[in-house]
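Novice: Next up, query-v7.txt (compact mmCIF, C-alpha atoms).
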# COMPACT_ATOMS: atom_id res chain seq x y z
CA MET A 1 108.89 -28.41 93.09
CA GLU A 2 111.50 -29.07 95.75
CA MET A 3 110.05 -31.11 98.59
CA ASN A 4 110.43 -29.69 102.11
CA ALA A 5 111.80 -26.45 100.68
CA THR A 6 112.78 -23.65 103.03
CA TYR A 7 110.94 -20.36 102.68
CA THR A 8 111.97 -17.27 104.62
CA SER A 9 109.05 -14.93 103.88
CA LEU A 10 105.40 -14.84 102.82
CA VAL A 11 103.19 -12.05 101.50
CA ALA A 12 99.44 -12.64 101.10
CA VAL A 13 97.43 -10.52 98.66
CA GLY A 14 93.67 -10.50 98.11
CA ASP A 15 90.25 -9.92 99.66
CA SER A 16 88.21 -11.25 102.59
CA PHE A 17 89.15 -14.85 101.85
CA THR A 18 92.82 -14.07 102.50
CA GLU A 19 92.08 -11.57 105.28
CA GLY A 20 90.62 -14.53 107.16
CA MET A 21 86.87 -14.00 107.38
CA SER A 22 85.06 -15.75 109.08
CA ASP A 23 87.74 -17.41 111.23
CA LEU A 24 86.86 -15.21 114.18
CA LEU A 25 89.11 -14.92 117.23
CA PRO A 26 87.91 -14.06 120.76
CA ASP A 27 89.13 -10.46 120.44
CA GLY A 28 86.96 -9.88 117.36
CA SER A 29 89.78 -10.04 114.81
CA TYR A 30 90.10 -12.63 112.05
CA ARG A 31 92.82 -15.25 111.71
CA GLY A 32 92.38 -17.28 108.51
CA TRP A 33 94.42 -19.64 106.38
CA ALA A 34 97.22 -17.18 105.57
CA ASP A 35 97.95 -16.53 109.26
CA LEU A 36 97.87 -20.25 109.98
CA LEU A 37 100.21 -20.93 107.06
CA ALA A 38 102.61 -18.22 108.24
CA ALA A 39 102.64 -19.66 111.75
CA ARG A 40 103.60 -23.08 110.45
CA MET A 41 106.28 -21.71 108.13
CA ALA A 42 107.73 -19.59 110.92
CA ALA A 43 107.93 -22.60 113.22
CA ARG A 44 110.42 -24.27 110.87
CA THR A 45 112.38 -21.18 109.74
CA PRO A 46 113.99 -18.77 112.25
CA GLY A 47 113.57 -15.13 111.27
CA PHE A 48 110.60 -15.85 109.02
CA ARG A 49 108.79 -12.70 107.85
CA TYR A 50 105.12 -12.27 106.98
CA ALA A 51 102.83 -9.60 105.56
CA ASN A 52 99.11 -9.79 104.78
CA LEU A 53 97.84 -6.98 102.54
CA ALA A 54 94.37 -8.46 101.96
CA VAL A 55 91.29 -6.36 102.66
CA ARG A 56 87.70 -7.55 102.55
CA GLY A 57 85.55 -6.49 99.60
CA LYS A 58 88.41 -5.61 97.27
CA LEU A 59 87.91 -6.06 93.54
CA ILE A 60 90.70 -7.33 91.31
CA GLY A 61 91.38 -3.83 89.98
CA GLN A 62 91.99 -2.57 93.51
CA ILE A 63 94.18 -5.56 94.31
CA ALA A 64 96.26 -5.00 91.18
CA ASP A 65 96.57 -1.24 91.72
CA GLU A 66 96.97 -1.06 95.50
CA GLN A 67 98.30 -4.37 96.82
CA ALA A 68 100.37 -5.91 94.02
CA PRO A 69 102.94 -3.09 93.74
CA ARG A 70 103.50 -3.10 97.52
CA ALA A 71 103.82 -6.87 97.60
CA ALA A 72 106.22 -6.93 94.64
CA ALA A 73 108.48 -4.39 96.36
CA MET A 74 108.79 -6.70 99.38
CA LYS A 75 110.63 -9.38 97.34
CA ALA A 76 109.24 -12.25 99.42
CA ASP A 77 110.02 -15.91 98.82
CA VAL A 78 106.31 -16.76 98.52
CA VAL A 79 103.42 -14.56 97.40
CA THR A 80 99.82 -15.76 97.40
CA LEU A 81 97.31 -13.98 95.17
CA VAL A 82 93.58 -14.70 95.30
CA GLY A 83 91.28 -12.19 93.64
CA GLY A 84 88.56 -11.68 91.08
CA LEU A 85 85.79 -13.58 92.81
CA ASN A 86 84.20 -10.43 94.21
CA ASP A 87 84.00 -9.17 90.63
CA ALA A 88 82.49 -12.44 89.39
CA LEU A 89 79.81 -12.40 92.10
CA ARG A 90 78.52 -8.95 91.16
CA PRO A 91 75.30 -8.66 89.13
CA LYS A 92 77.26 -7.21 86.22
CA VAL A 93 80.91 -7.90 85.48
CA ASP A 94 83.30 -7.30 82.60
CA MET A 95 85.35 -10.48 82.54
CA GLY A 96 87.71 -8.89 80.02
CA HIS A 97 88.54 -6.28 82.65
CA VAL A 98 88.99 -9.02 85.26
CA ARG A 99 91.42 -10.83 82.95
CA ALA A 100 93.39 -7.66 82.27
CA LYS A 101 93.76 -6.67 85.93
CA LEU A 102 94.53 -10.20 87.14
CA THR A 103 97.16 -10.44 84.41
CA GLU A 104 98.59 -7.10 85.53
CA ALA A 105 98.82 -8.30 89.13
CA VAL A 106 100.47 -11.59 88.19
CA GLU A 107 102.96 -9.85 85.92
CA GLN A 108 103.99 -7.60 88.81
CA LEU A 109 104.24 -10.38 91.38
CA ALA A 110 105.71 -13.36 89.53
CA PRO A 111 109.16 -11.81 88.85
CA SER A 112 109.38 -10.45 92.40
CA CYS A 113 109.21 -13.73 94.32
CA LYS A 114 110.58 -17.25 94.28
CA GLN A 115 107.11 -18.82 94.15
CA LEU A 116 103.78 -17.28 93.24
CA VAL A 117 100.71 -19.17 94.46
CA LEU A 118 97.31 -18.76 92.77
CA MET A 119 94.05 -20.52 93.63
CA ARG A 120 90.84 -21.87 92.25
CA SER A 121 88.62 -20.60 95.06
CA PRO A 122 86.15 -22.88 96.87
CA GLY A 123 82.41 -22.54 96.38
CA ARG A 124 79.59 -23.43 98.74
CA ASN A 125 77.14 -25.95 97.27
CA GLY A 126 73.70 -24.46 96.69
CA PRO A 127 71.54 -22.48 94.25
CA VAL A 128 73.67 -19.32 94.46
CA MET A 129 76.72 -21.32 93.49
CA GLU A 130 74.94 -22.71 90.46
CA ARG A 131 73.99 -19.22 89.31
CA PHE A 132 77.56 -17.95 89.41
CA ARG A 133 79.40 -21.17 88.51
CA PRO A 134 79.98 -20.21 84.83
CA ARG A 135 81.66 -16.94 85.84
CA MET A 136 83.77 -18.68 88.46
CA GLU A 137 84.93 -21.27 86.00
CA GLU A 138 85.76 -18.56 83.46
CA LEU A 139 87.86 -16.88 86.15
CA PHE A 140 89.62 -20.15 86.91
CA VAL A 141 90.52 -20.65 83.25
CA ILE A 142 92.26 -17.28 83.41
CA VAL A 143 94.05 -18.34 86.60
CA GLU A 144 95.28 -21.58 85.00
CA GLU A 145 96.51 -19.77 81.90
CA LEU A 146 98.43 -17.21 83.94
CA ALA A 147 99.90 -19.90 86.17
CA ALA A 148 101.19 -21.84 83.17
CA ARG A 149 102.67 -18.67 81.67
CA HIS A 150 104.42 -17.56 84.85
CA ASP A 151 105.30 -20.88 86.51
CA ALA A 152 102.93 -20.28 89.41
CA VAL A 153 101.43 -22.96 91.64
CA VAL A 154 97.65 -23.35 91.49
CA VAL A 155 95.91 -24.70 94.60
CA ASP A 156 92.66 -26.31 93.47
CA LEU A 157 90.17 -25.61 96.25
CA TYR A 158 87.25 -25.49 93.82
CA GLY A 159 87.78 -29.15 92.97
CA ALA A 160 87.74 -30.22 96.62
CA ALA A 161 84.32 -31.69 97.36
CA VAL A 162 84.71 -31.22 101.12
CA LEU A 163 85.06 -27.43 100.73
CA GLY A 164 81.68 -27.35 98.99
CA ASP A 165 80.05 -28.90 102.06
CA GLN A 166 77.71 -26.30 103.59
CA ARG A 167 79.06 -27.11 107.05
CA MET A 168 82.41 -25.60 105.98
CA TRP A 169 80.79 -22.19 105.54
CA ASP A 170 79.85 -19.52 108.04
CA VAL A 171 76.28 -18.24 108.44
CA ASP A 172 76.96 -15.49 105.86
CA ARG A 173 77.40 -18.27 103.25
CA LEU A 174 80.32 -16.36 101.75
CA HIS A 175 83.24 -17.20 104.04
CA LEU A 176 84.78 -20.39 105.36
CA THR A 177 84.65 -21.49 108.97
CA ALA A 178 87.77 -22.01 111.06
CA GLU A 179 87.90 -25.63 109.88
CA GLY A 180 87.68 -24.52 106.27
CA HIS A 181 90.57 -22.09 106.74
CA ARG A 182 92.61 -24.79 108.46
CA ARG A 183 92.18 -27.05 105.47
CA VAL A 184 93.12 -24.29 103.03
CA ALA A 185 96.32 -23.66 105.00
CA GLU A 186 97.16 -27.35 104.74
CA ALA A 187 96.40 -27.34 100.99
CA VAL A 188 98.77 -24.42 100.36
CA TRP A 189 101.38 -25.97 102.65
CA GLN A 190 101.37 -29.15 100.58
CA ALA A 191 101.32 -27.23 97.27
CA LEU A 192 104.55 -25.52 98.36
CA GLY A 193 106.23 -28.91 98.63
CA LEU A 194 106.08 -29.18 102.41
CA GLU A 195 105.39 -32.50 104.10
CA ALA A 196 101.68 -33.20 104.61
CA GLU A 197 100.41 -33.14 108.18
CA ASP A 198 96.90 -34.39 107.41
CA ASP A 199 94.47 -35.09 104.60
CA TRP A 200 92.77 -31.76 103.88
CA LEU A 201 90.49 -33.48 101.34
CA CYS A 202 89.01 -35.87 103.92
CA PRO A 203 85.19 -35.54 103.88
CA LEU A 204 83.25 -34.50 106.96
CA PRO A 205 81.32 -37.20 108.86
CA ASP A 206 77.78 -37.86 107.75
CA ALA A 207 75.26 -35.56 109.39
CA VAL A 208 71.50 -35.55 109.85
CA PRO A 209 70.03 -32.91 107.50
CA PRO A 210 68.40 -30.01 109.39
CA LYS A 211 64.63 -30.01 109.56
CA TRP A 212 62.52 -27.75 107.37
CA VAL A 213 61.83 -25.23 110.16
CA ALA A 214 65.52 -24.97 111.03
CA ARG A 215 66.40 -24.37 107.39
CA ARG A 216 63.80 -21.61 107.06
CA VAL A 217 65.01 -19.94 110.27
CA GLY A 218 68.55 -20.08 108.93
CA ASP A 219 67.45 -18.63 105.59
CA ALA A 220 65.67 -15.76 107.32
CA ARG A 221 68.69 -14.97 109.49
CA PHE A 222 70.97 -15.05 106.46
CA ALA A 223 68.73 -12.69 104.51
CA ARG A 224 68.36 -10.24 107.40
CA GLU A 225 71.95 -10.15 108.60
CA HIS A 226 73.93 -10.70 105.43
CA LEU A 227 72.03 -10.69 102.13
CA VAL A 228 70.17 -7.39 102.58
CA PRO A 229 73.29 -5.47 103.71
CA TRP A 230 75.27 -7.00 100.81
CA ILE A 231 72.63 -5.88 98.30
CA GLY A 232 72.60 -2.43 99.89
CA ARG A 233 76.34 -2.07 99.40
CA ARG A 234 76.07 -3.17 95.78
CA LEU A 235 73.32 -0.64 95.08
CA THR A 236 75.22 2.24 96.67
CA GLY A 237 78.66 1.34 95.35
CA ARG A 238 80.07 0.77 98.83
CA SER A 239 82.33 -2.01 100.04
CA SER A 240 82.79 -3.66 103.43
CA GLY A 241 86.49 -2.85 103.10
CA ASP A 242 86.15 0.88 102.42
CA GLY A 243 88.68 2.74 104.56
CA ARG A 244 89.96 -0.46 106.19
CA PRO A 245 93.75 -0.92 106.35
CA ALA A 246 95.53 -4.19 105.65
CA LYS A 247 95.77 -6.46 108.69
CA ARG A 248 99.58 -6.75 108.45
CA PRO A 249 100.89 -4.15 105.99
CA GLU A 250 104.64 -4.57 106.54
CA LEU A 251 106.89 -7.57 105.91
CA LEU A 252 108.12 -8.05 109.46
CA PRO A 253 109.54 -10.93 111.48
CA TYR A 254 106.72 -13.24 112.43
CA GLU A 255 107.68 -12.96 116.11
CA SER A 256 106.61 -9.32 116.04
CA MET A 257 102.96 -10.30 115.63
CA ARG A 258 100.92 -12.08 118.24
CA GLU A 259 101.42 -15.80 117.98
CA VAL A 260 98.67 -17.50 115.98
CA THR A 261 97.85 -21.11 116.63
CA GLU A 262 94.95 -23.35 115.72
CA ASP A 263 93.59 -22.71 119.23
CA GLY A 264 93.68 -18.93 118.84
CA PRO A 265 96.08 -16.10 119.72
CA VAL A 266 98.68 -16.30 122.45
CA ARG A 267 99.57 -12.82 123.63
Let's see the structure in the file written out as structure tokens.
Specialist:
Amino acid sequence: MEMNATYTSLVAVGDSFTEGMSDLLPDGSYRGWADLLAARMAARTPGFRYANLAVRGKLIGQIADEQAPRAAAMKADVVTLVGGLNDALRPKVDMGHVRAKLTEAVEQLAPSCKQLVLMRSPGRNGPVMERFRPRMEELFVIVEELAARHDAVVVDLYGAAVLGDQRMWDVDRLHLTAEGHRRVAEAVWQALGLEAEDDWLCPLPDAVPPKWVARRVGDARFAREHLVPWIGRRLTGRSSGDGRPAKRPELLPYESMREVTEDGPVR
């Protein structure tokens, strides 16, 4: 890949990971790695355009059917596609269906852009991760095969030990913190052949493990605020993204959105 290449546009496709949860801003909206990446790309390219079609809770079939055609029509220089993990984390999943829909999305997007970016998503270390690890790794095999077939870049977040650190994850244990999103933005930046600004793989400093009581309090809060509602949505067939529009549905000049920096929005 050309080093320090110039890109004039970016379209991000996916679910809550790409929407930016849980990189929360003071106004209650989410920023996330894709917004941070767009801000950095816009800073070096006048007239840079950006769209983010990602919506929390979306399954790969919804991404392929609803987001991929819109993204392909935008003809952006760079398209990022991350999807399928919501399927893999469900109690029952047809991985053949996941493969078919992910293939469909890639086949729509790859010819439409100069560079398609896929990812091996990060996973939080812990017992839940171990339960779903085989499905995740099956998904990542599909991602690697599609990338090789369509000359896409694969950003390996799953293989980054630091992104498995529990301190990189919000209290819902499903979404990265602001620091996690910052590191993902740097990882994609480097994967696109742009000059590294820091070492996104650098481990966090050693920390004193929380005491037993603190862990139990955290477990109880997680179950009450996040696990029980998540199970309820699974049982009723609902999604956290039902009826929610994309955060940035049109490919517009970056200057038309509020400025996003690592310190938050500047209005």
Novice: Tell me, in Å to one decimal, how far CA of Val117 (chain A) is from CA of Val153 (chain A).
Specialist: 4.8 Å
Novice: Rounded to one decimal place, report the CA of Gly47 (chain A)-CA of Pro253 (chain A) distance in Å.
Specialist: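 Distance between the two atoms: 5.8 Å.
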Novice: How close does region 92-195 of chain A get to region 23-39 of chain A? List, as JSON lines, each residue of region 92-195 of chain A within 9 Å, its nearest atom pair and the distance in Å to one decimal, counting only C-alpha atoms.
Specialist:
{"residue": "A:Asp170", "atom": "CA", "partner": "A:Asp23", "partner_atom": "CA", "distance": 8.8}
{"residue": "A:His175", "atom": "CA", "partner": "A:Asp23", "partner_atom": "CA", "distance": 8.5}
{"residue": "A:Leu176", "atom": "CA", "partner": "A:Asp23", "partner_atom": "CA", "distance": 7.2}
{"residue": "A:Thr177", "atom": "CA", "partner": "A:Asp23", "partner_atom": "CA", "distance": 5.6}
{"residue": "A:Ala178", "atom": "CA", "partner": "A:Asp23", "partner_atom": "CA", "distance": 4.6}
{"residue": "A:Glu179", "atom": "CA", "partner": "A:Asp23", "partner_atom": "CA", "distance": 8.3}
{"residue": "A:Gly180", "atom": "CA", "partner": "A:Trp33", "partner_atom": "CA", "distance": 8.3}
{"residue": "A:His181", "atom": "CA", "partner": "A:Trp33", "partner_atom": "CA", "distance": 4.6}
{"residue": "A:Arg182", "atom": "CA", "partner": "A:Trp33", "partner_atom": "CA", "distance": 5.8}
{"residue": "A:Arg183", "atom": "CA", "partner": "A:Trp33", "partner_atom": "CA", "distance": 7.8}
{"residue": "A:Val184", "atom": "CA", "partner": "A:Trp33", "partner_atom": "CA", "distance": 5.9}
{"residue": "A:Ala185", "atom": "CA", "partner": "A:Trp33", "partner_atom": "CA", "distance": 4.7}
{"residue": "A:Glu186", "atom": "CA", "partner": "A:Leu37", "partner_atom": "CA", "distance": 7.5}
{"residue": "A:Val188", "atom": "CA", "partner": "A:Leu37", "partner_atom": "CA", "distance": 7.7}
{"residue": "A:Trp189", "atom": "CA", "partner": "A:Leu37", "partner_atom": "CA", "distance": 6.8}
Novice: Given the point (88.9, -10.0, 91.1) in the file's coordinates, find the residues that have an atom at most 9 Å from it, counting only C-alpha atoms, and give them as a PyMOL selection string.
Specialist: chain A and resi 14-15+58-64+82-88+98-99+101-102+139
Novice: Between CA of Leu157 (chain A) and CA of Pro122 (chain A), what distance in Å does the model show, to one decimal?
Specialist: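 Computed distance, CA of Leu157 (chain A) to CA of Pro122 (chain A), equals 4.9 Å.
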Novice: Pick from A:Ala191, A:Leu146, A:Met119, A:Ala71: nearest to Val106 (chain A), with only C-alpha atoms counted?
Specialist: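 Result for the nearest residue to Val106 (chain A): A:Leu146.
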Novice: Taking into account all atoms listed in the file, which residue in the set A:Asp151, A:Asp199, A:Asp94, A:Asp172 is nearest to Arg124 (chain A)?
Specialist: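 Among the listed residues, A:Asp172 lies closest to Arg124 (chain A).
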Novice: Could you give me, as a count of residues only, the residues within 9 Å of Met74 (chain A), counting all atoms listed in the file and dropping anything in the same chain fewer than 4 positions from it?
Specialist: 7
Novice: Between A:Pro91, A:Gly20, A:Pro46, A:Pro203, single out the one closest to Phe132 (chain A), counting all atoms listed in the file.
Specialist: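 Residue with the minimum atom-to-atom distance to Phe132 (chain A): A:Pro91.
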Novice: Would you mind telling me which residue in A:Ala246, A:Arg167, A:Gly96, A:Ala187 lies nearest to Ala207 (chain A) when using all atoms listed in the file?
Specialist: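 Of the candidates, the smallest distance to Ala207 (chain A) is held by A:Arg167.
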Novice: As a list in words, please: the residues near Ala54 (chain A) (cut-off 8 Å, only C-alpha atoms, same-chain neighbours under 4 positions excluded).
Specialist: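 Using only C-alpha atoms, the neighbours found are Ala12, Val13, Gly14, Asp15, Ser16, Thr18, Glu19, Gln67, Ala246 and Lys247 of chain A.
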